[in-house]
$ cat protein_22.cif   # mmCIF, C-alpha atoms and all ligand atoms
data_my_file
#
loop_
_atom_site.label_atom_id
_atom_site.label_comp_id
_atom_site.auth_asym_id
_atom_site.auth_seq_id
_atom_site.Cartn_x
_atom_site.Cartn_y
_atom_site.Cartn_z
CA MET U 1 10.79 16.12 34.01
CA ASN U 2 12.26 16.12 30.57
CA ILE U 3 9.48 16.56 28.09
CA ASN U 4 10.90 16.95 24.67
CA LYS U 5 8.71 18.98 22.32
CA ASN U 6 10.06 17.14 19.31
CA SER U 7 9.23 13.80 20.82
CA ILE U 8 5.59 14.82 21.44
CA ARG U 9 5.38 16.06 17.89
CA ASP U 10 6.85 12.79 16.62
CA GLN U 11 4.44 10.73 18.69
CA VAL U 12 1.46 12.71 17.42
CA TYR U 13 2.82 12.37 13.91
CA LYS U 14 3.17 8.60 14.21
CA MET U 15 -0.25 8.18 15.82
CA LEU U 16 -2.03 10.22 13.14
CA LYS U 17 -0.09 8.61 10.33
CA GLU U 18 -1.15 5.17 11.51
CA LYS U 19 -4.79 6.26 11.79
CA ILE U 20 -4.68 7.59 8.23
CA LEU U 21 -2.89 4.58 6.76
CA LYS U 22 -5.34 2.24 8.46
CA GLN U 23 -8.18 4.49 7.32
CA GLU U 24 -9.48 5.02 10.83
CA LEU U 25 -9.35 8.61 9.67
CA LYS U 26 -11.03 8.39 6.26
CA VAL U 27 -9.90 10.06 3.07
CA GLY U 28 -11.45 13.51 2.84
CA GLU U 29 -12.22 13.63 6.59
CA LYS U 30 -11.58 16.86 8.49
CA ILE U 31 -8.95 16.59 11.23
CA SER U 32 -9.51 18.82 14.22
CA SER U 33 -6.17 19.73 15.81
CA ARG U 34 -8.01 21.10 18.88
CA LYS U 35 -9.89 17.86 19.42
CA ILE U 36 -6.73 15.76 19.06
CA ALA U 37 -4.91 18.05 21.48
CA ARG U 38 -7.77 17.84 23.97
CA ASP U 39 -8.16 14.05 23.67
CA ASN U 40 -4.44 13.54 24.30
CA GLY U 41 -3.99 16.20 26.96
CA ILE U 42 -1.42 18.16 24.98
CA SER U 43 -1.24 21.62 23.47
CA VAL U 44 -2.33 22.39 19.91
CA MET U 45 1.18 23.31 18.76
CA PRO U 46 2.74 19.82 18.47
CA VAL U 47 -0.47 18.56 16.84
CA ARG U 48 -0.23 21.27 14.20
CA ASP U 49 3.45 20.45 13.72
CA GLY U 50 2.64 16.79 13.26
CA LEU U 51 -0.10 17.66 10.79
CA LEU U 52 2.26 19.89 8.82
CA LYS U 53 4.73 17.03 8.61
CA LEU U 54 1.96 14.77 7.31
CA THR U 55 1.07 17.48 4.79
CA ASN U 56 4.66 17.27 3.61
CA ASP U 57 4.33 13.50 3.28
CA GLY U 58 1.31 14.00 1.04
CA LEU U 59 -1.12 12.31 3.42
CA VAL U 60 -2.82 15.46 4.72
CA VAL U 61 -4.04 18.62 3.00
CA ASN U 62 -3.88 21.98 4.72
CA LYS U 63 -6.62 24.33 3.55
CA PRO U 64 -5.76 27.85 4.73
CA ARG U 65 -8.26 29.24 7.25
CA VAL U 66 -10.33 26.05 6.96
CA GLY U 67 -8.13 23.39 8.48
CA PHE U 68 -6.52 20.02 7.90
CA TYR U 69 -8.08 17.16 5.95
CA VAL U 70 -7.01 13.60 5.21
CA ARG U 71 -5.94 13.74 1.61
CA ASN U 72 -8.38 12.43 -0.94
CA PHE U 73 -7.28 11.07 -4.30
CA THR U 74 -8.69 11.66 -7.74
CA LYS U 75 -8.98 8.80 -10.21
CA ASN U 76 -5.98 10.24 -12.04
CA GLU U 77 -3.83 10.38 -8.93
CA VAL U 78 -4.64 6.76 -8.10
CA ASN U 79 -3.75 5.75 -11.65
CA ASN U 80 -0.48 7.69 -11.48
CA ILE U 81 0.60 6.22 -8.17
CA MET U 82 -0.33 2.69 -9.22
CA GLU U 83 1.52 3.19 -12.50
CA VAL U 84 4.70 4.03 -10.59
CA ARG U 85 4.18 1.07 -8.27
CA GLU U 86 3.71 -1.29 -11.21
CA MET U 87 6.74 0.16 -12.94
CA TYR U 88 9.01 -0.65 -9.98
CA GLU U 89 7.58 -4.06 -9.18
CA VAL U 90 7.49 -5.33 -12.76
CA TYR U 91 10.97 -3.97 -13.48
CA CYS U 92 12.36 -5.85 -10.49
CA LEU U 93 10.54 -9.05 -11.43
CA LYS U 94 11.84 -8.89 -14.99
CA ASN U 95 15.43 -8.05 -14.08
CA HIS U 96 15.99 -9.60 -10.66
CA PHE U 97 13.66 -12.60 -10.62
CA ALA U 98 16.46 -15.06 -9.82
CA ASN U 99 17.42 -13.01 -6.78
CA ILE U 100 14.01 -13.06 -5.03
CA ASP U 101 14.46 -14.48 -1.53
CA ARG U 102 12.92 -17.96 -1.89
CA ASP U 103 13.12 -18.65 1.84
CA GLU U 104 11.06 -15.54 2.52
CA ILE U 105 8.54 -16.60 -0.16
CA LYS U 106 8.25 -20.07 1.43
CA LYS U 107 7.74 -18.46 4.83
CA LEU U 108 5.00 -16.20 3.45
CA GLN U 109 3.44 -19.15 1.67
CA ASN U 110 3.21 -21.05 4.96
CA GLU U 111 1.71 -18.01 6.65
CA MET U 112 -0.86 -17.68 3.87
CA GLU U 113 -1.86 -21.33 4.13
CA ALA U 114 -2.15 -21.07 7.90
CA VAL U 115 -4.65 -18.20 7.78
CA GLU U 116 -6.69 -19.48 4.84
CA ASP U 117 -9.81 -20.28 6.89
CA ASP U 118 -9.68 -17.22 9.08
CA LEU U 119 -8.15 -14.39 7.14
CA GLN U 120 -7.58 -11.43 9.43
CA ARG U 121 -7.07 -7.97 8.06
CA ILE U 122 -3.89 -7.34 10.02
CA VAL U 123 -2.26 -10.59 8.85
CA PHE U 124 -3.31 -10.00 5.26
CA ASP U 125 -1.77 -6.51 5.33
CA LYS U 126 1.54 -7.78 6.64
CA ILE U 127 1.79 -10.58 4.08
CA ASP U 128 0.72 -8.28 1.24
CA ILE U 129 3.39 -5.70 2.00
CA SER U 130 6.09 -8.34 2.62
CA LEU U 131 5.35 -10.26 -0.57
CA HIS U 132 5.47 -7.23 -2.86
CA TYR U 133 8.55 -5.96 -1.04
CA THR U 134 10.51 -9.14 -1.85
CA PHE U 135 10.40 -8.12 -5.55
CA ILE U 136 11.90 -4.73 -4.77
CA GLN U 137 14.53 -6.07 -2.39
CA ALA U 138 15.67 -8.55 -5.04
CA SER U 139 17.20 -5.59 -6.89
CA GLU U 140 19.66 -4.99 -4.04
CA ASN U 141 19.63 -1.43 -5.35
CA ASN U 142 19.39 1.05 -2.48
CA PHE U 143 18.40 3.95 -4.74
CA LEU U 144 15.56 1.95 -6.22
CA ILE U 145 14.47 0.67 -2.80
CA ALA U 146 14.46 4.24 -1.42
CA LYS U 147 12.31 5.41 -4.35
CA TYR U 148 9.81 2.64 -3.73
CA GLU U 149 9.79 3.53 -0.02
CA GLN U 150 8.57 7.00 -1.01
CA ILE U 151 5.31 5.59 -2.33
CA LYS U 152 5.03 2.85 0.30
CA ASP U 153 2.83 4.96 2.62
CA LEU U 154 0.39 5.48 -0.22
CA VAL U 155 0.54 1.79 -1.05
CA ILE U 156 -0.41 1.00 2.56
CA LEU U 157 -3.19 3.59 2.55
CA PHE U 158 -4.57 2.24 -0.73
CA GLN U 159 -4.39 -1.27 0.70
CA HIS U 160 -7.07 -0.18 3.16
CA LEU U 161 -9.25 1.17 0.40
CA HIS U 162 -9.85 -2.12 -1.32
CA LEU U 163 -11.14 -4.12 1.62
CA ALA U 164 -13.71 -5.89 -0.51
CA ARG U 165 -10.91 -7.48 -2.48
CA MET U 166 -9.06 -9.07 0.42
CA GLU U 167 -10.03 -12.72 -0.25
CA LYS U 168 -9.35 -12.41 -3.95
CA SER U 169 -6.02 -10.67 -3.36
CA HIS U 170 -5.07 -13.40 -0.94
CA GLN U 171 -5.66 -16.08 -3.58
CA GLU U 172 -3.66 -14.08 -6.10
CA HIS U 173 -0.80 -13.75 -3.63
CA GLU U 174 -0.77 -17.53 -3.19
CA MET U 175 -0.63 -18.03 -6.97
CA ILE U 176 2.19 -15.50 -7.24
CA ALA U 177 4.20 -17.19 -4.47
CA GLU U 178 3.64 -20.62 -6.00
CA ASN U 179 4.85 -19.46 -9.41
CA ILE U 180 7.90 -17.71 -7.98
CA LEU U 181 8.94 -20.97 -6.33
CA ALA U 182 8.27 -22.88 -9.55
CA GLY U 183 10.52 -20.42 -11.40
CA ASN U 184 7.77 -19.27 -13.80
CA LYS U 185 9.02 -15.74 -14.31
CA GLU U 186 6.76 -14.79 -17.23
CA LYS U 187 3.71 -16.11 -15.40
CA VAL U 188 4.63 -14.15 -12.25
CA VAL U 189 4.99 -10.92 -14.26
CA GLU U 190 1.59 -11.54 -15.83
CA LEU U 191 -0.05 -12.34 -12.46
CA VAL U 192 1.43 -9.29 -10.72
CA ILE U 193 0.36 -6.92 -13.49
CA SER U 194 -3.21 -8.19 -13.45
CA HIS U 195 -3.23 -8.21 -9.60
CA LEU U 196 -2.08 -4.57 -9.43
CA ARG U 197 -4.56 -3.46 -12.09
CA ASP U 198 -7.45 -5.12 -10.28
CA VAL U 199 -6.27 -3.54 -7.03
CA ASN U 200 -6.25 -0.17 -8.82
CA GLU U 201 -9.88 -0.65 -9.92
CA GLY U 202 -10.82 -1.68 -6.36
CA ILE U 203 -9.23 1.45 -4.91
CA LYS U 204 -11.08 3.71 -7.32
CA ARG U 205 -14.37 1.93 -6.56
CA SER U 206 -13.80 2.52 -2.84
CA LEU U 207 -13.10 6.17 -3.48
CA GLY U 208 -16.28 6.43 -5.52
CA GLN U 209 -14.22 7.44 -8.53
CA LYS U 210 -15.50 4.79 -10.90
NI NI U 301 -0.96 -7.51 -3.21
#
$ encode --input "protein_22.cif" --output "structure tokens" --more "lines below"
Ligand code: NI
Amino acid sequence: MNINKNSIRDQVYKMLKEKILKQELKVGEKISSRKIARDNGISVMPVRDGLLKLTNDGLVVNKPRVGFYVRNFTKNEVNNIMEVREMYEVYCLKNHFANIDRDEIKKLQNEMEAVEDDLQRIVFDKIDISLHYTFIQASENNFLIAKYEQIKDLVILFQHLHLARMEKSHQEHEMIAENILAGNKEKVVELVISHLRDVNEGIKRSLGQK
């Protein structure tokens, strides 16, 4: 049998990353590498390797002689990350508005209308990420896209910290899509800035930082 150590490590990495991004493992929660190893019938080594990789990604904190924890965020860190996010999204909207993929926006708009009466978390997440990503892709700038990708994990994690805002965010997304299709660039910029700032407040509330 060909069991590749790297592939176990990668699988553990992916599994834990998903649990953190979906907040099944909560911010600040201790992660027991022994328990994960035991639950999955593997040795502790690949679990530790996976956790070290997640530490590198900035999603996990390794406290020497204490163990691994899901990273928690201070109010300042949330502000800083959301500032960078806003910087990229607003820049792209201002400079590449004409290049936003209208077909994709129409598709997302249809999806949003279809789920209006029964908004599921998983569908909301997908639409949220896709909608904001259309702004970035409009730049057709691979360096810029790669930079945004670097904070995308944190964007996804934060998405799961403002659950209470889902309905409101959904309405805002619909307004944003509508105004993109109507060609109201200034309005879209205004809507996205206020959307992101409200999201920021929601995240901090969830983290108990406000
Ligand atoms: Ni959003």
$ residues_near_ligand --input "protein_22.cif" --ligand "ligand NI 301 (chain U)" --cutoff "12 Å" --atoms "all atoms listed in the file" --output "JSON list (two decimals) with C-alpha atoms, keeping the file's coordinate frame"
[["chain", "number", "residue", "atom", "x", "y", "z"],
["U", 82, "MET", "CA", -0.33, 2.69, -9.22],
["U", 85, "ARG", "CA", 4.18, 1.07, -8.27],
["U", 86, "GLU", "CA", 3.71, -1.29, -11.21],
["U", 89, "GLU", "CA", 7.58, -4.06, -9.18],
["U", 124, "PHE", "CA", -3.31, -10.00, 5.26],
["U", 125, "ASP", "CA", -1.77, -6.51, 5.33],
["U", 126, "LYS", "CA", 1.54, -7.78, 6.64],
["U", 127, "ILE", "CA", 1.79, -10.58, 4.08],
["U", 128, "ASP", "CA", 0.72, -8.28, 1.24],
["U", 129, "ILE", "CA", 3.39, -5.70, 2.00],
["U", 130, "SER", "CA", 6.09, -8.34, 2.62],
["U", 131, "LEU", "CA", 5.35, -10.26, -0.57],
["U", 132, "HIS", "CA", 5.47, -7.23, -2.86],
["U", 133, "TYR", "CA", 8.55, -5.96, -1.04],
["U", 134, "THR", "CA", 10.51, -9.14, -1.85],
["U", 135, "PHE", "CA", 10.40, -8.12, -5.55],
["U", 155, "VAL", "CA", 0.54, 1.79, -1.05],
["U", 156, "ILE", "CA", -0.41, 1.00, 2.56],
["U", 158, "PHE", "CA", -4.57, 2.24, -0.73],
["U", 159, "GLN", "CA", -4.39, -1.27, 0.70],
["U", 160, "HIS", "CA", -7.07, -0.18, 3.16],
["U", 162, "HIS", "CA", -9.85, -2.12, -1.32],
["U", 163, "LEU", "CA", -11.14, -4.12, 1.62],
["U", 165, "ARG", "CA", -10.91, -7.48, -2.48],
["U", 166, "MET", "CA", -9.06, -9.07, 0.42],
["U", 167, "GLU", "CA", -10.03, -12.72, -0.25],
["U", 168, "LYS", "CA", -9.35, -12.41, -3.95],
["U", 169, "SER", "CA", -6.02, -10.67, -3.36],
["U", 170, "HIS", "CA", -5.07, -13.40, -0.94],
["U", 171, "GLN", "CA", -5.66, -16.08, -3.58],
["U", 172, "GLU", "CA", -3.66, -14.08, -6.10],
["U", 173, "HIS", "CA", -0.80, -13.75, -3.63],
["U", 174, "GLU", "CA", -0.77, -17.53, -3.19],
["U", 175, "MET", "CA", -0.63, -18.03, -6.97],
["U", 176, "ILE", "CA", 2.19, -15.50, -7.24],
["U", 177, "ALA", "CA", 4.20, -17.19, -4.47],
["U", 191, "LEU", "CA", -0.05, -12.34, -12.46],
["U", 192, "VAL", "CA", 1.43, -9.29, -10.72],
["U", 193, "ILE", "CA", 0.36, -6.92, -13.49],
["U", 194, "SER", "CA", -3.21, -8.19, -13.45],
["U", 195, "HIS", "CA", -3.23, -8.21, -9.60],
["U", 196, "LEU", "CA", -2.08, -4.57, -9.43],
["U", 197, "ARG", "CA", -4.56, -3.46, -12.09],
["U", 198, "ASP", "CA", -7.45, -5.12, -10.28],
["U", 199, "VAL", "CA", -6.27, -3.54, -7.03],
["U", 200, "ASN", "CA", -6.25, -0.17, -8.82],
["U", 202, "GLY", "CA", -10.82, -1.68, -6.36]]
$ residues_near_point --input "protein_22.cif" --point "(-13.4, 17.6, 8.0)" --cutoff "9 Å" --atoms "only C-alpha atoms" --output "list in words"
Gly28, Glu29, Lys30, Ile31, Ser32, Gly67, Phe68, Tyr69 and Val70 of chain U
$ atom_distance --input "protein_22.cif" --atom1 "CA of Met87 in chain U" --atom2 "CA of Gly58 in chain U"
20.4 Å
$ atom_distance --input "protein_22.cif" --atom1 "CA of Val44 in chain U" --atom2 "CA of Asp153 in chain U"
25.1 Å
$ atom_distance --input "protein_22.cif" --atom1 "CA of Ile180 in chain U" --atom2 "CA of Ala114 in chain U"
19.1 Å
$ closest_residue --input "protein_22.cif" --among "U:Gln11, U:Asn95, U:Asn80, U:Ser206" --to "Asn141 in chain U" --atoms "all atoms listed in the file"
U:Asn95
$ closest_residue --input "protein_22.cif" --among "U:Ile136, U:Phe73, U:Val123, U:Cys92" --to "Glu111 in chain U" --atoms "only C-alpha atoms"
U:Val123
$ closest_residue --input "protein_22.cif" --among "U:Met112, U:Lys19, U:Ala146, U:Lys35" --to "Val60 in chain U" --atoms "only C-alpha atoms"
U:Lys19
$ residues_near_point --input "protein_22.cif" --point "(5.2, 18.3, 8.8)" --cutoff "12 Å" --atoms "all atoms listed in the file" --output "ChimeraX atom specification"
/U:6,9-10,12-14,16-17,45-62,68
$ closest_residue --input "protein_22.cif" --among "U:Leu119, U:Ile81, U:Lys152, U:Asn179" --to "Lys106 in chain U" --atoms "all atoms listed in the file"
U:Asn179
$ decode --input "protein_22.cif" --residues "range 185-200 of chain U" --atoms "N, CA, C and O atoms" --output "short mmCIF file (atom, residue, chain, number, x, y, z; two decimals), in the first residue's frame"
data_model
loop_
_atom_site.label_atom_id
_atom_site.label_comp_id
_atom_site.auth_asym_id
_atom_site.auth_seq_id
_atom_site.Cartn_x
_atom_site.Cartn_y
_atom_site.Cartn_z
N LYS U 185 -22.03 53.28 -11.07
CA LYS U 185 -20.73 53.05 -10.44
C LYS U 185 -20.59 53.73 -9.07
O LYS U 185 -20.21 53.07 -8.10
N GLU U 186 -20.90 55.01 -8.99
CA GLU U 186 -20.73 55.74 -7.73
C GLU U 186 -21.58 55.12 -6.62
O GLU U 186 -21.14 54.99 -5.48
N LYS U 187 -22.80 54.74 -6.99
CA LYS U 187 -23.71 54.13 -6.03
C LYS U 187 -23.15 52.79 -5.52
O LYS U 187 -23.22 52.48 -4.33
N VAL U 188 -22.59 52.00 -6.46
CA VAL U 188 -22.03 50.70 -6.09
C VAL U 188 -20.87 50.89 -5.11
O VAL U 188 -20.79 50.21 -4.07
N VAL U 189 -20.00 51.86 -5.40
CA VAL U 189 -18.86 52.14 -4.50
C VAL U 189 -19.38 52.48 -3.11
O VAL U 189 -18.93 51.92 -2.10
N GLU U 190 -20.37 53.34 -3.07
CA GLU U 190 -20.97 53.76 -1.80
C GLU U 190 -21.58 52.57 -1.05
O GLU U 190 -21.35 52.39 0.15
N LEU U 191 -22.33 51.73 -1.78
CA LEU U 191 -22.98 50.57 -1.16
C LEU U 191 -21.96 49.57 -0.62
O LEU U 191 -22.13 49.02 0.47
N VAL U 192 -20.90 49.33 -1.40
CA VAL U 192 -19.90 48.34 -0.99
C VAL U 192 -19.15 48.83 0.24
O VAL U 192 -18.92 48.06 1.19
N ILE U 193 -18.81 50.11 0.27
CA ILE U 193 -18.10 50.65 1.44
C ILE U 193 -18.98 50.50 2.68
O ILE U 193 -18.53 50.00 3.71
N SER U 194 -20.24 50.87 2.58
CA SER U 194 -21.08 50.80 3.78
C SER U 194 -21.35 49.33 4.17
O SER U 194 -21.38 48.99 5.36
N HIS U 195 -21.49 48.46 3.16
CA HIS U 195 -21.63 47.01 3.41
C HIS U 195 -20.42 46.48 4.18
O HIS U 195 -20.56 45.83 5.22
N LEU U 196 -19.23 46.76 3.69
CA LEU U 196 -18.01 46.23 4.33
C LEU U 196 -17.82 46.80 5.73
O LEU U 196 -17.35 46.10 6.63
N ARG U 197 -18.20 48.06 5.93
CA ARG U 197 -18.04 48.64 7.27
C ARG U 197 -19.03 48.05 8.25
O ARG U 197 -18.69 47.80 9.41
N ASP U 198 -20.24 47.78 7.79
CA ASP U 198 -21.22 47.12 8.66
C ASP U 198 -20.78 45.69 8.99
O ASP U 198 -20.94 45.22 10.11
N VAL U 199 -20.24 45.01 7.97
CA VAL U 199 -19.72 43.65 8.18
C VAL U 199 -18.62 43.69 9.25
O VAL U 199 -18.60 42.88 10.18
N ASN U 200 -17.74 44.65 9.14
CA ASN U 200 -16.65 44.84 10.10
C ASN U 200 -17.21 44.96 11.52
O ASN U 200 -16.75 44.27 12.45
#
